[in-house]
Amino acid sequence: MKSRSLLVLAFCVLGLSFAALAQFPAPDTYNNPWYVWCGPAAANRSVNLCAPPDGSSFNPNSEVGVMRVTDTHWPITYTLTVNGREIYPGPQNLGVLDMRSTILPLDPSVSGPQQITFKFTDAVGSFYKTFYAIYEETPCTMPATDHSINFCTLTEGQTVTSPVHVGYAVNESGSPMYSLIFVDGVRYEIFNTGQNIAKANQWLMLFPGKHRITVQAHPQGGAAYNQTVNVNVSGPTYGCKPDRTIDPSVTICSLKDGQTVSSPVHVLANAGQPVYFSQIYIDGALNFTDRSEDIDTNVALTPGRHRLTVQANGSQGIFKTTIYVNVQ
């Protein structure tokens with residue numbers, strides 16, 4: 001079985017409340033700070049880069065990287081090099097494969113593509129993921145008017161695919177200031193909102209559907225102001241969007257309770273939040289373990305009726321969803 005896990009590279013950010021400005025309904029509400037996803041890698045011991053796209057430009061002060069690692073071996077360590085320079089003093093241990101608070105420190109003095117390489121080492125050797133990116137604080141020109149935002153990468157009602165390119169520039173004379181990104185009225189947690197972030201060039205992983213993206217500027221001692229655009233994300237469509245009406249919970253996307261299926265049975269599920277690991281139980285017996293919040297695997301089952309449980313173990317404890325399937 002393949003172990004598929006989400007590698008999320010992000011800055012930690014501060015939380016602030018926000019009153020959303022709705023223009024049209026967003027049925028696929030982005031209501032989870034870690035509501036990102038990435039499709040599985042094609043082969044074992046390989047990596048699927050989802051964001052930022054290979055060859056794209058981004059602002060390392062605001063960008064979040066998302067990639068999916070597939071590896072059946074454990075434990076795993078990694079190193080990160082940018083332009084051949086190792087960023088960490090030594091290999092970093094992966095307690096789980098859901099990673100956060102790791103930056104992509106591009107060199108601002110380099111004008112062309114820069115090489116980013118992750119080296120993963122497991123029990124049988126090493127494998128690599130290399131991609132290229134260009135340092136660019138923002139693709140948007142600075143607006144001429146003070147206390148204003150130029151949100152230049154998206155237009156109202158535009159249809160886009162994920163990752164969604166979000167670029168803006170804020171003209172704000174008050175200092176210090178910071179800016180925030182909201183999706184469907186909820187702050188995009190994995191976005192660096194440190195002081196003096198007035199320029200952004202970022203790629204957001206969003207599930208398909210209608211989404212309301214808002215940039216909000218916060219000057220020191222002044223009122224916040226914002227700019228909003230509504231977009232339709234058309235794909236990719238291979239993700240399992242978690243149902244957040246019950247929290248915590250596990251959503252099984254590929255199967256319905258009582259469904260008749262053939263073996264092997266495709267199990268696509270998502271816990272909707274970072275967890276230590278997720279597991280599949282068949283008739284009470286452990287069948288599969290993945291160190292991730294989501295599962296995408298095939299399970300061989302004998303003909304007959306089976307109880308299938310997807311269980312997650314995380315900071316909120318153990319939670320699970322159970323269904324029954326009939327294997328013909």
# chains A, B, ... in the order shown; residues from 1 in each chain; ligands from 1
call {"tool": "residues_around", "arguments": {"residues": "range 114-122 of chain A", "least_positions_apart": "2", "cutoff": "10 Å", "atoms": "only C-alpha atoms", "output": "ChimeraX atom specification"}}
result
/A:45-47,54-55,57,69,71-86,91-94,104-107,110-112,124-135
call {"tool": "residues_around", "arguments": {"residues": "Cys152 in chain A", "least_positions_apart": "3", "cutoff": "9 Å", "atoms": "only C-alpha atoms", "output": "list of chain:residue names"}}
result
A:Pro139, A:Cys140, A:Thr141, A:Thr155, A:Val166, A:Gly167, A:Tyr168, A:Ala169
call {"tool": "write_last_selection", "arguments": {"atoms": "N, CA, C and O atoms", "output": "PDB file, in the first residue's frame"}}
result
ATOM      1  N   PRO A 139       3.154  40.958  -8.484  1.00  0.00           N
ATOM      2  CA  PRO A 139       3.024  41.294  -9.901  1.00  0.00           C
ATOM      3  C   PRO A 139       2.221  42.567 -10.121  1.00  0.00           C
ATOM      4  O   PRO A 139       2.029  42.990 -11.256  1.00  0.00           O
ATOM      5  N   CYS A 140       1.744  43.189  -9.040  1.00  0.00           N
ATOM      6  CA  CYS A 140       0.841  44.336  -9.121  1.00  0.00           C
ATOM      7  C   CYS A 140       1.601  45.645  -8.912  1.00  0.00           C
ATOM      8  O   CYS A 140       2.505  45.716  -8.075  1.00  0.00           O
ATOM      9  N   THR A 141       1.216  46.668  -9.637  1.00  0.00           N
ATOM     10  CA  THR A 141       1.791  47.988  -9.427  1.00  0.00           C
ATOM     11  C   THR A 141       1.202  48.613  -8.157  1.00  0.00           C
ATOM     12  O   THR A 141       0.083  48.298  -7.752  1.00  0.00           O
ATOM     13  N   THR A 155     -10.082  38.732 -11.541  1.00  0.00           N
ATOM     14  CA  THR A 155     -11.179  39.629 -11.887  1.00  0.00           C
ATOM     15  C   THR A 155     -12.488  39.038 -11.390  1.00  0.00           C
ATOM     16  O   THR A 155     -12.616  37.819 -11.202  1.00  0.00           O
ATOM     17  N   VAL A 166      -2.902  34.770  -6.189  1.00  0.00           N
ATOM     18  CA  VAL A 166      -3.353  35.964  -5.474  1.00  0.00           C
ATOM     19  C   VAL A 166      -2.168  36.921  -5.335  1.00  0.00           C
ATOM     20  O   VAL A 166      -1.197  36.626  -4.630  1.00  0.00           O
ATOM     21  N   GLY A 167      -2.249  38.049  -6.038  1.00  0.00           N
ATOM     22  CA  GLY A 167      -1.220  39.069  -5.943  1.00  0.00           C
ATOM     23  C   GLY A 167      -1.846  40.414  -5.676  1.00  0.00           C
ATOM     24  O   GLY A 167      -2.918  40.727  -6.204  1.00  0.00           O
ATOM     25  N   TYR A 168      -1.210  41.206  -4.835  1.00  0.00           N
ATOM     26  CA  TYR A 168      -1.732  42.545  -4.561  1.00  0.00           C
ATOM     27  C   TYR A 168      -0.621  43.446  -4.041  1.00  0.00           C
ATOM     28  O   TYR A 168       0.453  42.979  -3.627  1.00  0.00           O
ATOM     29  N   ALA A 169      -0.889  44.744  -4.062  1.00  0.00           N
ATOM     30  CA  ALA A 169      -0.003  45.752  -3.478  1.00  0.00           C
ATOM     31  C   ALA A 169      -0.863  46.753  -2.721  1.00  0.00           C
ATOM     32  O   ALA A 169      -1.925  47.153  -3.193  1.00  0.00           O
TER      33      ALA A 169
END
call {"tool": "select_by_dssp", "arguments": {"residues": "range 25-269 of chain A", "states": "strand (DSSP E or B)", "output": "MDAnalysis selection string"}}
result
chainID A and resid 46:51 57:58 65:70 77:82 85:86 92:93 114:122 125:135 148:151 158:160 164:171 177:183 186:187 199:204 209:219 225:233 251:252 259:261 265:269
call {"tool": "residues_around", "arguments": {"residues": "Tyr225 in chain A", "least_positions_apart": "6", "cutoff": "9 Å", "atoms": "only C-alpha atoms", "output": "count of residues only"}}
result
8
call {"tool": "closest_atom_pairs", "arguments": {"of": "range 234-302 of chain A", "to": "range 309-320 of chain A", "cutoff": "7 Å", "atoms": "only C-alpha atoms", "output": "Markdown table"}}
result
| residue | atom | partner | partner_atom | distance |
| --- | --- | --- | --- | --- |
| A:Pro248 | CA | A:Phe319 | CA | 6.8 |
| A:Ser249 | CA | A:Phe319 | CA | 6.1 |
| A:Val250 | CA | A:Lys320 | CA | 5.6 |
| A:Ala271 | CA | A:Ala312 | CA | 6.5 |
| A:Pro274 | CA | A:Gly314 | CA | 6.9 |
| A:Val275 | CA | A:Gly314 | CA | 4.0 |
| A:Tyr276 | CA | A:Gly314 | CA | 5.1 |
| A:Phe277 | CA | A:Asn313 | CA | 5.7 |
| A:Ser278 | CA | A:Ala312 | CA | 4.3 |
| A:Gln279 | CA | A:Gln311 | CA | 5.2 |
| A:Ile280 | CA | A:Val310 | CA | 4.7 |
| A:Tyr281 | CA | A:Thr309 | CA | 5.0 |
| A:Ile282 | CA | A:Thr309 | CA | 6.5 |
call {"tool": "write_last_selection", "arguments": {"atoms": "N, CA, C and O atoms", "output": "PDB file, in the first residue's frame"}}
result
ATOM      1  N   PRO A 248     -14.630  17.483  15.568  1.00  0.00           N
ATOM      2  CA  PRO A 248     -13.908  16.857  14.469  1.00  0.00           C
ATOM      3  C   PRO A 248     -14.707  15.715  13.857  1.00  0.00           C
ATOM      4  O   PRO A 248     -15.575  15.130  14.511  1.00  0.00           O
ATOM      5  N   SER A 249     -14.402  15.393  12.624  1.00  0.00           N
ATOM      6  CA  SER A 249     -15.067  14.283  11.955  1.00  0.00           C
ATOM      7  C   SER A 249     -14.227  13.825  10.778  1.00  0.00           C
ATOM      8  O   SER A 249     -13.322  14.538  10.338  1.00  0.00           O
ATOM      9  N   VAL A 250     -14.526  12.647  10.292  1.00  0.00           N
ATOM     10  CA  VAL A 250     -13.868  12.100   9.108  1.00  0.00           C
ATOM     11  C   VAL A 250     -14.899  12.002   7.984  1.00  0.00           C
ATOM     12  O   VAL A 250     -15.995  11.479   8.189  1.00  0.00           O
ATOM     13  N   ALA A 271      -9.836  13.852   7.158  1.00  0.00           N
ATOM     14  CA  ALA A 271     -10.180  14.238   8.530  1.00  0.00           C
ATOM     15  C   ALA A 271     -10.398  15.738   8.665  1.00  0.00           C
ATOM     16  O   ALA A 271     -10.904  16.194   9.689  1.00  0.00           O
ATOM     17  N   PRO A 274      -5.109  18.771  10.620  1.00  0.00           N
ATOM     18  CA  PRO A 274      -3.876  18.006  10.833  1.00  0.00           C
ATOM     19  C   PRO A 274      -4.062  16.944  11.907  1.00  0.00           C
ATOM     20  O   PRO A 274      -4.608  17.220  12.968  1.00  0.00           O
ATOM     21  N   VAL A 275      -3.621  15.736  11.617  1.00  0.00           N
ATOM     22  CA  VAL A 275      -3.682  14.637  12.589  1.00  0.00           C
ATOM     23  C   VAL A 275      -2.346  13.908  12.585  1.00  0.00           C
ATOM     24  O   VAL A 275      -1.531  14.078  11.679  1.00  0.00           O
ATOM     25  N   TYR A 276      -2.123  13.096  13.608  1.00  0.00           N
ATOM     26  CA  TYR A 276      -0.896  12.315  13.688  1.00  0.00           C
ATOM     27  C   TYR A 276      -0.902  11.208  12.631  1.00  0.00           C
ATOM     28  O   TYR A 276       0.107  10.942  11.989  1.00  0.00           O
ATOM     29  N   PHE A 277      -2.041  10.566  12.479  1.00  0.00           N
ATOM     30  CA  PHE A 277      -2.175   9.547  11.438  1.00  0.00           C
ATOM     31  C   PHE A 277      -3.649   9.219  11.236  1.00  0.00           C
ATOM     32  O   PHE A 277      -4.493   9.522  12.089  1.00  0.00           O
ATOM     33  N   SER A 278      -3.955   8.617  10.091  1.00  0.00           N
ATOM     34  CA  SER A 278      -5.296   8.117   9.777  1.00  0.00           C
ATOM     35  C   SER A 278      -5.192   6.626   9.488  1.00  0.00           C
ATOM     36  O   SER A 278      -4.165   6.150   8.987  1.00  0.00           O
ATOM     37  N   GLN A 279      -6.285   5.897   9.796  1.00  0.00           N
ATOM     38  CA  GLN A 279      -6.257   4.437   9.642  1.00  0.00           C
ATOM     39  C   GLN A 279      -7.564   3.915   9.059  1.00  0.00           C
ATOM     40  O   GLN A 279      -8.628   4.530   9.240  1.00  0.00           O
ATOM     41  N   ILE A 280      -7.470   2.780   8.385  1.00  0.00           N
ATOM     42  CA  ILE A 280      -8.647   2.060   7.893  1.00  0.00           C
ATOM     43  C   ILE A 280      -8.763   0.753   8.666  1.00  0.00           C
ATOM     44  O   ILE A 280      -7.785   0.000   8.776  1.00  0.00           O
ATOM     45  N   TYR A 281      -9.956   0.519   9.202  1.00  0.00           N
ATOM     46  CA  TYR A 281     -10.266  -0.753   9.859  1.00  0.00           C
ATOM     47  C   TYR A 281     -11.326  -1.463   9.034  1.00  0.00           C
ATOM     48  O   TYR A 281     -12.319  -0.854   8.628  1.00  0.00           O
ATOM     49  N   ILE A 282     -11.128  -2.757   8.823  1.00  0.00           N
ATOM     50  CA  ILE A 282     -12.102  -3.598   8.130  1.00  0.00           C
ATOM     51  C   ILE A 282     -12.609  -4.650   9.106  1.00  0.00           C
ATOM     52  O   ILE A 282     -11.823  -5.449   9.625  1.00  0.00           O
TER      53      ILE A 282
END
call {"tool": "residues_around", "arguments": {"residues": "His306 in chain A", "least_positions_apart": "3", "cutoff": "7 Å", "atoms": "only C-alpha atoms", "output": "JSON list (two decimals) with N, CA, C and O atoms, in the first residue's frame"}}
result
[["chain", "number", "residue", "atom", "x", "y", "z"],
["A", 282, "ILE", "N", -11.13, -2.76, 8.82],
["A", 282, "ILE", "CA", -12.10, -3.60, 8.13],
["A", 282, "ILE", "C", -12.61, -4.65, 9.11],
["A", 282, "ILE", "O", -11.82, -5.45, 9.63],
["A", 283, "ASP", "N", -13.90, -4.58, 9.42],
["A", 283, "ASP", "CA", -14.52, -5.52, 10.36],
["A", 283, "ASP", "C", -13.78, -5.54, 11.70],
["A", 283, "ASP", "O", -13.58, -6.59, 12.32],
["A", 324, "TYR", "N", -20.92, 0.62, 5.93],
["A", 324, "TYR", "CA", -20.94, -0.79, 5.51],
["A", 324, "TYR", "C", -20.95, -0.84, 3.98],
["A", 324, "TYR", "O", -21.64, -0.05, 3.34],
["A", 325, "VAL", "N", -20.16, -1.77, 3.44],
["A", 325, "VAL", "CA", -20.12, -1.94, 1.98],
["A", 325, "VAL", "C", -20.35, -3.41, 1.66],
["A", 325, "VAL", "O", -19.99, -4.31, 2.45],
["A", 326, "ASN", "N", -20.98, -3.65, 0.53],
["A", 326, "ASN", "CA", -21.22, -5.01, 0.04],
["A", 326, "ASN", "C", -20.29, -5.25, -1.15],
["A", 326, "ASN", "O", -20.39, -4.58, -2.17]]
call {"tool": "residues_around", "arguments": {"residues": "Asn171 in chain A", "least_positions_apart": "6", "cutoff": "9 Å", "atoms": "only C-alpha atoms", "output": "PDB file with N, CA and C atoms, in the first residue's frame"}}
result
ATOM      1  N   MET A 142       1.969  49.476  -7.546  1.00  0.00           N
ATOM      2  CA  MET A 142       1.503  50.140  -6.342  1.00  0.00           C
ATOM      3  C   MET A 142       0.415  51.159  -6.701  1.00  0.00           C
ATOM      4  N   PRO A 143      -0.743  51.111  -6.052  1.00  0.00           N
ATOM      5  CA  PRO A 143      -1.791  52.091  -6.364  1.00  0.00           C
ATOM      6  C   PRO A 143      -1.338  53.508  -6.024  1.00  0.00           C
ATOM      7  N   ALA A 144      -1.823  54.473  -6.803  1.00  0.00           N
ATOM      8  CA  ALA A 144      -1.401  55.862  -6.610  1.00  0.00           C
ATOM      9  C   ALA A 144      -2.036  56.493  -5.381  1.00  0.00           C
ATOM     10  N   THR A 145      -3.201  56.011  -4.974  1.00  0.00           N
ATOM     11  CA  THR A 145      -3.942  56.602  -3.862  1.00  0.00           C
ATOM     12  C   THR A 145      -3.567  55.948  -2.540  1.00  0.00           C
ATOM     13  N   ASP A 146      -3.351  56.757  -1.518  1.00  0.00           N
ATOM     14  CA  ASP A 146      -3.050  56.238  -0.189  1.00  0.00           C
ATOM     15  C   ASP A 146      -4.272  55.499   0.371  1.00  0.00           C
ATOM     16  N   HIS A 147      -4.040  54.525   1.242  1.00  0.00           N
ATOM     17  CA  HIS A 147      -5.091  53.706   1.858  1.00  0.00           C
ATOM     18  C   HIS A 147      -5.898  52.970   0.773  1.00  0.00           C
ATOM     19  N   SER A 148      -5.205  52.323  -0.153  1.00  0.00           N
ATOM     20  CA  SER A 148      -5.897  51.597  -1.217  1.00  0.00           C
ATOM     21  C   SER A 148      -5.121  50.340  -1.581  1.00  0.00           C
ATOM     22  N   ILE A 149      -5.831  49.406  -2.243  1.00  0.00           N
ATOM     23  CA  ILE A 149      -5.281  48.095  -2.581  1.00  0.00           C
ATOM     24  C   ILE A 149      -5.404  47.870  -4.082  1.00  0.00           C
ATOM     25  N   ASN A 150      -4.338  47.440  -4.719  1.00  0.00           N
ATOM     26  CA  ASN A 150      -4.388  46.988  -6.105  1.00  0.00           C
ATOM     27  C   ASN A 150      -4.325  45.470  -6.101  1.00  0.00           C
ATOM     28  N   ALA A 198       2.923  44.442   2.813  1.00  0.00           N
ATOM     29  CA  ALA A 198       2.060  45.257   1.965  1.00  0.00           C
ATOM     30  C   ALA A 198       2.046  44.754   0.535  1.00  0.00           C
TER      31      ALA A 198
END
call {"tool": "residues_around", "arguments": {"residues": "Lys241 in chain A", "least_positions_apart": "5", "cutoff": "8 Å", "atoms": "only C-alpha atoms", "output": "short mmCIF file (atom, residue, chain, number, x, y, z; two decimals) with N, CA and C atoms, in the first residue's frame"}}
result
data_model
loop_
_atom_site.label_atom_id
_atom_site.label_comp_id
_atom_site.auth_asym_id
_atom_site.auth_seq_id
_atom_site.Cartn_x
_atom_site.Cartn_y
_atom_site.Cartn_z
N PHE A 207 -10.46 24.18 -2.82
CA PHE A 207 -11.31 23.15 -3.40
C PHE A 207 -12.17 23.77 -4.50
N THR A 251 -14.55 12.51 6.82
CA THR A 251 -15.42 12.44 5.65
C THR A 251 -14.91 11.36 4.70
N CYS A 253 -15.29 10.14 1.00
CA CYS A 253 -15.80 10.70 -0.24
C CYS A 253 -16.10 9.65 -1.31
N ASN A 270 -10.99 12.15 4.34
CA ASN A 270 -10.28 13.32 4.83
C ASN A 270 -10.78 13.67 6.23
N GLY A 272 -10.01 16.51 7.66
CA GLY A 272 -10.30 17.94 7.66
C GLY A 272 -9.42 18.79 8.55
#
call {"tool": "closest_residue", "arguments": {"among": "A:Asn196, A:Ser62, A:Ser56, A:Ser179", "to": "Pro163 in chain A", "atoms": "only C-alpha atoms"}}
result
A:Ser56
call {"tool": "atom_distance", "arguments": {"atom1": "CA of Asp294 in chain A", "atom2": "CA of Cys38 in chain A"}}
result
9.7 Å
call {"tool": "closest_residue", "arguments": {"among": "A:Arg305, A:His165, A:His266, A:Arg187", "to": "Val231 in chain A", "atoms": "only C-alpha atoms"}}
result
A:His165
call {"tool": "closest_residue", "arguments": {"among": "A:Thr214, A:Asp247, A:Gly221, A:Cys50", "to": "Ser173 in chain A", "atoms": "only C-alpha atoms"}}
result
A:Gly221
call {"tool": "closest_residue", "arguments": {"among": "A:Gln273, A:Gln328, A:Thr302, A:Asn59", "to": "Gln259 in chain A", "atoms": "only C-alpha atoms"}}
result
A:Gln328
